[in-house]
$ cat input.cif   # mmCIF, C-alpha atoms
data_data
loop_
_atom_site.label_atom_id
_atom_site.label_comp_id
_atom_site.auth_asym_id
_atom_site.auth_seq_id
_atom_site.Cartn_x
_atom_site.Cartn_y
_atom_site.Cartn_z
CA MET A 537 -72.55 34.78 36.91
CA GLY A 538 -68.83 35.18 37.55
CA LYS A 539 -67.03 34.13 40.71
CA CYS A 540 -66.67 36.85 43.32
CA ILE A 541 -63.33 37.45 44.97
CA ILE A 542 -63.26 39.29 48.28
CA THR A 543 -59.92 40.35 49.65
CA ASN A 544 -59.00 42.37 52.71
CA ASN A 545 -56.27 44.66 54.00
CA ILE A 546 -56.69 43.87 57.69
CA ARG A 547 -53.09 42.72 58.12
CA LYS A 548 -51.81 45.99 56.59
CA LEU A 549 -54.24 48.11 58.60
CA ARG A 550 -53.18 46.37 61.82
CA PHE A 551 -49.56 47.10 60.97
CA HIS A 552 -50.32 50.79 60.47
CA ALA A 553 -52.27 50.87 63.74
CA ASP A 554 -49.11 50.38 65.82
CA GLU A 555 -48.99 46.64 64.99
CA MET A 556 -52.34 46.01 66.63
CA THR A 557 -52.61 42.35 67.62
CA GLN A 558 -55.30 40.03 66.30
CA GLN A 559 -56.50 39.64 69.88
CA ASP A 560 -56.86 43.43 70.28
CA LEU A 561 -58.89 43.65 67.09
CA ALA A 562 -60.98 40.68 68.18
CA ASP A 563 -61.68 42.32 71.56
CA LYS A 564 -62.62 45.61 69.91
CA THR A 565 -65.03 43.95 67.48
CA GLY A 566 -66.50 41.39 69.89
CA VAL A 567 -65.36 38.22 68.14
CA THR A 568 -62.76 35.55 68.85
CA ARG A 569 -59.15 35.82 67.67
CA GLN A 570 -59.73 32.73 65.50
CA THR A 571 -62.42 34.61 63.56
CA ILE A 572 -60.01 37.47 62.85
CA VAL A 573 -57.41 34.90 61.71
CA ALA A 574 -59.98 33.26 59.42
CA ILE A 575 -61.01 36.64 57.94
CA GLU A 576 -57.39 37.66 57.33
CA ASN A 577 -56.71 34.35 55.60
CA GLY A 578 -59.83 34.64 53.44
CA LYS A 579 -61.42 31.58 55.02
CA TYR A 580 -64.41 33.45 56.36
CA PHE A 581 -66.31 36.42 55.01
CA PRO A 582 -67.82 38.45 57.85
CA THR A 583 -71.34 39.80 58.04
CA LEU A 584 -71.86 43.43 57.10
CA GLU A 585 -72.12 44.32 60.78
CA LEU A 586 -68.70 42.85 61.61
CA ALA A 587 -67.18 44.32 58.46
CA PHE A 588 -68.36 47.79 59.53
CA ARG A 589 -67.13 47.20 63.07
CA ILE A 590 -63.66 46.36 61.74
CA ALA A 591 -63.67 49.46 59.54
CA LEU A 592 -64.74 51.55 62.54
CA VAL A 593 -61.81 50.26 64.64
CA PHE A 594 -59.38 51.46 61.95
CA ASN A 595 -61.43 54.61 61.41
CA THR A 596 -61.48 54.00 57.69
CA PRO A 597 -64.15 53.43 55.01
CA LEU A 598 -65.29 49.88 54.40
CA GLU A 599 -63.79 49.86 50.89
CA GLU A 600 -60.36 50.40 52.42
CA VAL A 601 -60.74 47.24 54.47
CA PHE A 602 -62.47 44.93 52.00
CA SER A 603 -62.38 44.90 48.24
CA PHE A 604 -64.62 43.03 45.89
CA LYS A 605 -63.83 41.82 42.38
CA LEU A 606 -66.05 39.88 40.03
CA GLU A 607 -64.13 37.31 38.00
CA GLU A 608 -65.61 36.84 34.54
CA SER A 609 -66.84 33.31 33.88
CA PRO A 610 -65.37 31.49 30.79
CA LYS A 611 -68.82 31.66 29.12
CA ASN A 612 -68.86 35.47 29.35
CA GLU A 613 -65.28 35.67 28.07
CA LYS A 614 -66.33 33.91 24.83
CA GLU A 615 -69.11 36.41 24.34
CA MET B 420 -46.71 26.11 56.50
CA LYS B 421 -48.61 23.73 58.77
CA GLU B 422 -51.43 25.47 60.63
CA LYS B 423 -51.56 25.37 64.40
CA ILE B 424 -54.65 23.62 65.74
CA SER B 425 -57.08 26.13 67.26
CA ILE B 426 -58.83 25.79 70.60
CA GLN B 427 -62.17 25.16 68.87
CA GLU B 428 -60.63 22.35 66.84
CA LYS B 429 -59.16 20.83 69.99
CA GLN B 430 -62.59 20.98 71.66
CA ILE B 431 -64.17 19.25 68.66
CA LEU B 432 -61.61 16.45 68.78
CA VAL B 433 -62.28 16.02 72.50
CA SER B 434 -66.05 15.86 71.82
CA LEU B 435 -65.53 13.34 69.06
CA ILE B 436 -63.38 11.03 71.16
CA THR B 437 -65.77 11.43 74.10
CA SER B 438 -68.81 10.51 71.98
CA VAL B 439 -67.15 7.35 70.70
CA LEU B 440 -65.94 6.36 74.17
CA ILE B 441 -69.29 7.03 75.88
CA LEU B 442 -71.26 4.93 73.41
CA ALA B 443 -68.68 2.12 73.46
CA ILE B 444 -68.47 1.98 77.28
CA TYR B 445 -72.24 2.37 77.74
CA SER B 446 -73.01 -0.35 75.17
CA LEU B 447 -70.53 -2.70 76.82
CA TYR B 448 -71.99 -1.95 80.25
CA VAL B 449 -75.59 -2.56 79.10
CA TYR B 450 -74.57 -5.71 77.25
CA GLN B 451 -72.72 -7.21 80.21
CA LYS B 452 -75.26 -6.20 82.84
CA TYR B 453 -78.53 -7.01 81.06
CA MET B 454 -77.95 -9.01 77.91
CA VAL B 455 -75.43 -11.74 78.79
CA GLY B 456 -77.43 -14.93 79.30
CA ASN B 457 -80.73 -13.13 78.68
CA MET B 458 -80.85 -12.36 74.98
CA ALA B 459 -84.67 -12.43 75.04
CA ILE B 460 -84.52 -8.94 76.59
CA ILE B 461 -83.46 -7.60 73.19
CA ASN B 462 -87.10 -7.42 72.10
CA ASP B 463 -88.34 -5.94 75.38
CA PHE B 464 -89.56 -2.36 74.79
CA LYS B 465 -89.10 -1.48 78.48
CA PHE B 466 -85.42 -2.43 78.28
CA TRP B 467 -84.83 -0.19 75.25
CA GLY B 468 -86.82 2.64 76.82
CA LYS B 469 -84.59 2.55 79.91
CA ALA B 470 -81.42 2.19 77.81
CA PHE B 471 -82.33 5.32 75.81
CA LEU B 472 -83.42 7.32 78.86
CA PHE B 473 -80.19 6.63 80.76
CA LEU B 474 -77.91 7.17 77.77
CA ILE B 475 -78.95 10.84 77.40
CA PRO B 476 -78.09 12.11 80.93
CA VAL B 477 -75.01 9.85 81.17
CA SER B 478 -73.72 11.21 77.88
CA ILE B 479 -74.41 14.88 78.82
CA ALA B 480 -72.76 14.49 82.24
CA ALA B 481 -69.71 12.73 80.77
CA GLN B 482 -69.31 15.40 78.08
CA ILE B 483 -69.46 18.20 80.69
CA ILE B 484 -66.94 16.50 82.98
CA ILE B 485 -64.51 15.72 80.15
CA HIS B 486 -64.72 19.29 78.82
CA ILE B 487 -63.98 20.72 82.28
CA VAL B 488 -60.99 18.36 82.61
CA PHE B 489 -59.86 19.34 79.11
CA ALA B 490 -60.12 23.07 79.93
CA ILE B 491 -57.98 22.58 83.06
CA VAL B 492 -55.36 20.39 81.32
CA ASN B 493 -55.23 22.75 78.33
CA LYS B 494 -54.73 25.77 80.61
CA ILE B 495 -51.89 24.03 82.45
CA LEU B 496 -50.15 22.84 79.28
CA THR B 497 -50.63 25.82 76.95
CA ASN B 498 -51.78 28.65 79.25
CA GLU B 499 -54.59 29.22 76.73
CA ASP B 500 -58.07 30.12 77.96
CA ILE B 501 -61.13 28.54 76.41
CA SER B 502 -63.24 31.22 74.79
CA THR B 503 -66.59 31.71 76.45
CA ILE B 504 -67.99 33.86 73.66
CA SER B 505 -69.58 32.39 70.60
CA ASP B 506 -69.34 34.81 67.70
CA GLU B 507 -71.08 34.91 64.31
CA ARG B 508 -68.62 32.46 62.72
CA ASP B 509 -69.06 29.94 65.55
CA LYS B 510 -72.84 30.23 65.23
CA LEU B 511 -72.75 29.79 61.45
CA ILE B 512 -70.54 26.70 61.76
CA GLU B 513 -72.83 25.34 64.47
CA LEU B 514 -75.89 25.91 62.27
CA LYS B 515 -74.35 24.22 59.24
CA SER B 516 -73.16 21.19 61.20
CA VAL B 517 -76.50 20.84 63.02
CA ARG B 518 -78.25 20.87 59.64
CA ILE B 519 -76.03 18.04 58.39
CA SER B 520 -76.56 16.05 61.59
CA HIS B 521 -80.33 16.65 61.37
CA TRP B 522 -80.50 15.11 57.88
CA ILE B 523 -78.43 12.11 58.93
CA PHE B 524 -80.69 11.47 61.90
CA ILE B 525 -83.81 11.84 59.73
CA LEU B 526 -82.36 9.26 57.33
CA GLY B 527 -81.66 6.93 60.26
CA PHE B 528 -85.17 7.48 61.60
CA LEU B 529 -86.66 6.57 58.22
CA LEU B 530 -84.48 3.44 58.06
CA ALA B 531 -85.64 2.52 61.58
CA MET B 532 -89.29 2.93 60.61
CA GLY B 533 -88.62 1.05 57.37
CA SER B 534 -87.27 -1.89 59.34
CA GLN B 535 -90.65 -2.14 61.08
CA ALA B 536 -92.57 -1.66 57.86
CA PHE B 537 -90.71 -4.65 56.43
CA GLY B 538 -91.53 -6.76 59.47
CA MET B 539 -88.08 -6.87 61.11
CA GLN B 540 -87.57 -7.45 64.84
CA PRO B 541 -88.08 -4.40 67.12
CA TRP B 542 -84.42 -4.42 68.21
CA VAL B 543 -83.39 -3.56 64.63
CA MET B 544 -85.34 -0.30 64.95
CA PHE B 545 -83.80 0.58 68.33
CA ILE B 546 -80.25 -0.24 67.22
CA THR B 547 -80.78 1.82 64.03
CA LEU B 548 -82.06 4.76 66.11
CA ILE B 549 -79.09 4.64 68.52
CA PHE B 550 -76.61 4.21 65.68
CA SER B 551 -78.10 7.03 63.59
CA GLY B 552 -78.06 9.37 66.62
CA PHE B 553 -74.42 8.49 67.23
CA LEU B 554 -73.50 8.85 63.54
CA ALA B 555 -75.32 12.20 63.34
CA SER B 556 -73.36 13.54 66.31
CA VAL B 557 -70.01 12.22 65.00
CA ILE B 558 -70.56 13.65 61.51
CA ALA B 559 -71.65 16.98 63.01
CA GLU B 560 -68.33 17.17 64.88
CA ILE B 561 -66.37 16.19 61.75
CA ALA B 562 -68.25 18.84 59.73
CA LYS B 563 -67.49 21.45 62.40
CA PHE B 564 -63.79 20.51 62.33
CA TYR B 565 -63.79 20.77 58.53
CA PHE B 566 -65.46 24.21 58.56
CA TYR B 567 -63.06 25.55 61.19
CA ARG B 568 -60.04 24.25 59.29
CA LYS B 569 -60.97 24.84 55.66
CA GLY B 570 -63.18 27.89 56.09
CA ILE B 571 -66.81 28.57 55.57
#
$ encode --input "input.cif" --output "structure tokens"
Amino acid sequence: MGKCIITNNIRKLRFHADEMTQQDLADKTGVTRQTIVAIENGKYFPTLELAFRIALVFNTPLEEVFSFKLEESPKNEKE
Amino acid sequence: MKEKISIQEKQILVSLITSVLILAIYSLYVYQKYMVGNMAIINDFKFWGKAFLFLIPVSIAAQIIIHIVFAIVNKILTNEDISTISDERDKLIELKSVRISHWIFILGFLLAMGSQAFGMQPWVMFITLIFSGFLASVIAEIAKFYFYRKGI
């Protein structure tokens, strides 16, 4: 199975939400600022619950916040 | 760009240093008070029982005091509050590091029992148990630091 790549637009969404701070987003979603930092930097992938909470803060669908791509493995490429 | 050390990472470093210091100071204290000139005590089960029983509350109390002092010093120096909430990422990191520490302690426990199975002196078992407990706690802290820094 190929490697999955999850990216997010949280930084961009915060910018469009009047440059919302990481702390504000953390407070609104009930996590620490460090967790928001880790998510933005792709070092932590949140649970579905937190992902939906983040989407709810920006009043946007989940797909606008997170995107998922499946990278084909070399074996599949040969086929 | 070099990443700034987070409050959780600072707390882990404090815990790590505290664990090393507590065991070193406690071992030195026990050695000087009970073992100097009376090495026969090393095979006394009562002695080891007391040493284990006192190490646990002493270590918990010292950790609490040092963390309070750290919180005060950190607030004065950086004006940063220590987070009282533990979110899903903190819990996941805690779970993963506890699992690692659990396996290390189990390995130490087996080594300790093995020492008795092979007819070694009882003190070998007690030292192995103390050392594996210490190693398990140190590696758990290192694992936590790694997960906070590199991601999970």
$ axis_aligned_box --input "input.cif" --around "segment 527-544 of chain B" --padding-each-side "3 Å" --output "AutoDock Vina command-line options"
--center_x -87.1 --center_y 0.0 --center_z 62.3 --size_x 16.9 --size_y 20.9 --size_z 17.8
$ atom_distance --input "input.cif" --atom1 "atom CA of Gly468 of chain B" --atom2 "atom CA of Leu548 of chain B"
11.9 Å
$ resolve_selection --input "input.cif" --expression "the PyMOL selection byres ((chain B) within 12 of (chain A))" --output "list of chain:residue names"
B:Glu422, B:Lys423, B:Ile424, B:Ser425, B:Ile426, B:Gln427, B:Glu428, B:Asp500, B:Ile501, B:Ser502, B:Thr503, B:Ile504, B:Ser505, B:Asp506, B:Glu507, B:Arg508, B:Asp509, B:Lys510, B:Leu511, B:Ile512, B:Tyr565, B:Phe566, B:Tyr567, B:Arg568, B:Lys569, B:Gly570, B:Ile571
$ residues_around --input "input.cif" --residues "Trp542 of chain B" --least-positions-apart "3" --cutoff "12 Å" --atoms "only C-alpha atoms" --output "list in words"
Met458, Ala459, Ile460, Ile461, Asn462, Asp463, Phe464, Lys465, Phe466, Trp467, Gly468, Ala531, Met532, Ser534, Gln535, Gly538, Met539, Phe545, Ile546, Thr547, Leu548, Ile549 and Phe550 of chain B
$ resolve_selection --input "input.cif" --expression "the PyMOL selection byres ((chain A and resi 606) around 9)" --output "tab-separated table (two decimals) with C-alpha atoms, in the frame of the given file"
chain	number	residue	atom	x	y	z
A	537	MET	CA	-72.55	34.78	36.91
A	538	GLY	CA	-68.83	35.18	37.55
A	539	LYS	CA	-67.03	34.13	40.71
A	540	CYS	CA	-66.67	36.85	43.32
A	541	ILE	CA	-63.33	37.45	44.97
A	542	ILE	CA	-63.26	39.29	48.28
A	604	PHE	CA	-64.62	43.03	45.89
A	605	LYS	CA	-63.83	41.82	42.38
A	607	GLU	CA	-64.13	37.31	38.00
A	608	GLU	CA	-65.61	36.84	34.54
$ residues_around --input "input.cif" --residues "Val601 of chain A" --least-positions-apart "5" --cutoff "8 Å" --atoms "all atoms listed in the file" --output "VMD selection string"
chain A and resid 544 to 546 549 590 to 591 596
$ write_last_selection --input "input.cif" --atoms "C-alpha atoms" --output "short mmCIF file (atom, residue, chain, number, x, y, z; two decimals), in the coordinates of the input"
data_model
loop_
_atom_site.label_atom_id
_atom_site.label_comp_id
_atom_site.auth_asym_id
_atom_site.auth_seq_id
_atom_site.Cartn_x
_atom_site.Cartn_y
_atom_site.Cartn_z
CA ASN A 544 -59.00 42.37 52.71
CA ASN A 545 -56.27 44.66 54.00
CA ILE A 546 -56.69 43.87 57.69
CA LEU A 549 -54.24 48.11 58.60
CA ILE A 590 -63.66 46.36 61.74
CA ALA A 591 -63.67 49.46 59.54
CA THR A 596 -61.48 54.00 57.69
#
$ atom_distance --input "input.cif" --atom1 "atom CA of Ala559 of chain B" --atom2 "atom CA of Val433 of chain B"
13.4 Å
$ resolve_selection --input "input.cif" --expression "the PyMOL selection byres ((chain B and resi 441-455) around 9)" --output "PyMOL selection string"
chain B and resi 436-440+456-461+466+470+474+477-478+481-482+553
$ decode --input "input.cif" --residues "chain A" --atoms "C-alpha atoms" --output "CSV table (one decimal), in the first residue's frame"
chain,number,residue,atom,x,y,z
A,537,MET,CA,0.0,0.0,0.0
A,538,GLY,CA,1.3,3.5,-0.8
A,539,LYS,CA,2.4,6.1,1.7
A,540,CYS,CA,-0.3,8.5,2.7
A,541,ILE,CA,0.4,12.2,2.8
A,542,ILE,CA,-1.8,14.4,4.9
A,543,THR,CA,-1.4,18.2,4.5
A,544,ASN,CA,-3.4,21.0,6.1
A,545,ASN,CA,-4.3,24.6,5.4
A,546,ILE,CA,-4.6,25.8,9.0
A,547,ARG,CA,-2.0,28.5,8.6
A,548,LYS,CA,-3.9,29.9,5.6
A,549,LEU,CA,-7.3,29.6,7.3
A,550,ARG,CA,-5.9,31.4,10.4
A,551,PHE,CA,-4.7,34.2,8.2
A,552,HIS,CA,-8.1,34.6,6.6
A,553,ALA,CA,-9.8,34.6,10.0
A,554,ASP,CA,-8.3,37.9,10.9
A,555,GLU,CA,-4.9,36.4,11.6
A,556,MET,CA,-6.2,34.2,14.4
A,557,THR,CA,-3.4,33.2,16.8
A,558,GLN,CA,-2.5,29.6,17.4
A,559,GLN,CA,-3.4,30.2,21.1
A,560,ASP,CA,-6.9,31.4,20.0
A,561,LEU,CA,-7.4,28.3,17.9
A,562,ALA,CA,-6.1,26.1,20.7
A,563,ASP,CA,-8.5,27.7,23.2
A,564,LYS,CA,-11.4,27.2,20.8
A,565,THR,CA,-10.7,23.6,20.1
A,566,GLY,CA,-9.7,22.6,23.7
A,567,VAL,CA,-6.0,21.7,23.1
A,568,THR,CA,-2.7,23.2,23.8
A,569,ARG,CA,-0.9,25.7,21.5
A,570,GLN,CA,1.9,23.2,21.1
A,571,THR,CA,-0.6,20.7,19.6
A,572,ILE,CA,-1.8,23.3,17.0
A,573,VAL,CA,1.9,24.0,16.2
A,574,ALA,CA,2.6,20.3,15.7
A,575,ILE,CA,-0.5,19.9,13.5
A,576,GLU,CA,0.5,22.9,11.4
A,577,ASN,CA,4.0,21.6,10.9
A,578,GLY,CA,2.7,18.1,10.0
A,579,LYS,CA,4.2,16.5,13.1
A,580,TYR,CA,0.9,15.3,14.5
A,581,PHE,CA,-2.2,14.1,12.8
A,582,PRO,CA,-5.3,14.9,15.0
A,583,THR,CA,-8.1,12.6,15.8
A,584,LEU,CA,-11.3,12.9,13.7
A,585,GLU,CA,-12.9,14.8,16.6
A,586,LEU,CA,-10.2,17.5,16.8
A,587,ALA,CA,-10.1,17.7,13.0
A,588,PHE,CA,-13.9,18.4,12.9
A,589,ARG,CA,-13.5,20.9,15.8
A,590,ILE,CA,-10.9,22.8,13.8
A,591,ALA,CA,-13.1,22.8,10.7
A,592,LEU,CA,-16.0,24.1,12.8
A,593,VAL,CA,-13.9,27.0,14.2
A,594,PHE,CA,-13.3,28.1,10.6
A,595,ASN,CA,-16.8,27.3,9.6
A,596,THR,CA,-15.5,25.3,6.6
A,597,PRO,CA,-15.8,21.6,5.4
A,598,LEU,CA,-13.1,19.2,6.7
A,599,GLU,CA,-11.7,18.8,3.2
A,600,GLU,CA,-10.8,22.5,3.1
A,601,VAL,CA,-8.7,22.1,6.3
A,602,PHE,CA,-7.1,18.7,5.6
A,603,SER,CA,-6.2,17.0,2.4
A,604,PHE,CA,-5.2,13.5,1.8
A,605,LYS,CA,-3.0,12.1,-1.0
A,606,LEU,CA,-1.9,8.5,-1.5
A,607,GLU,CA,1.6,8.2,-2.9
A,608,GLU,CA,2.0,5.2,-5.1
A,609,SER,CA,4.6,2.7,-3.9
A,610,PRO,CA,7.5,1.9,-6.3
A,611,LYS,CA,6.1,-1.7,-6.7
A,612,ASN,CA,2.7,-0.3,-8.0
A,613,GLU,CA,4.5,2.1,-10.4
A,614,LYS,CA,6.2,-0.9,-12.1
A,615,GLU,CA,2.8,-2.5,-12.6
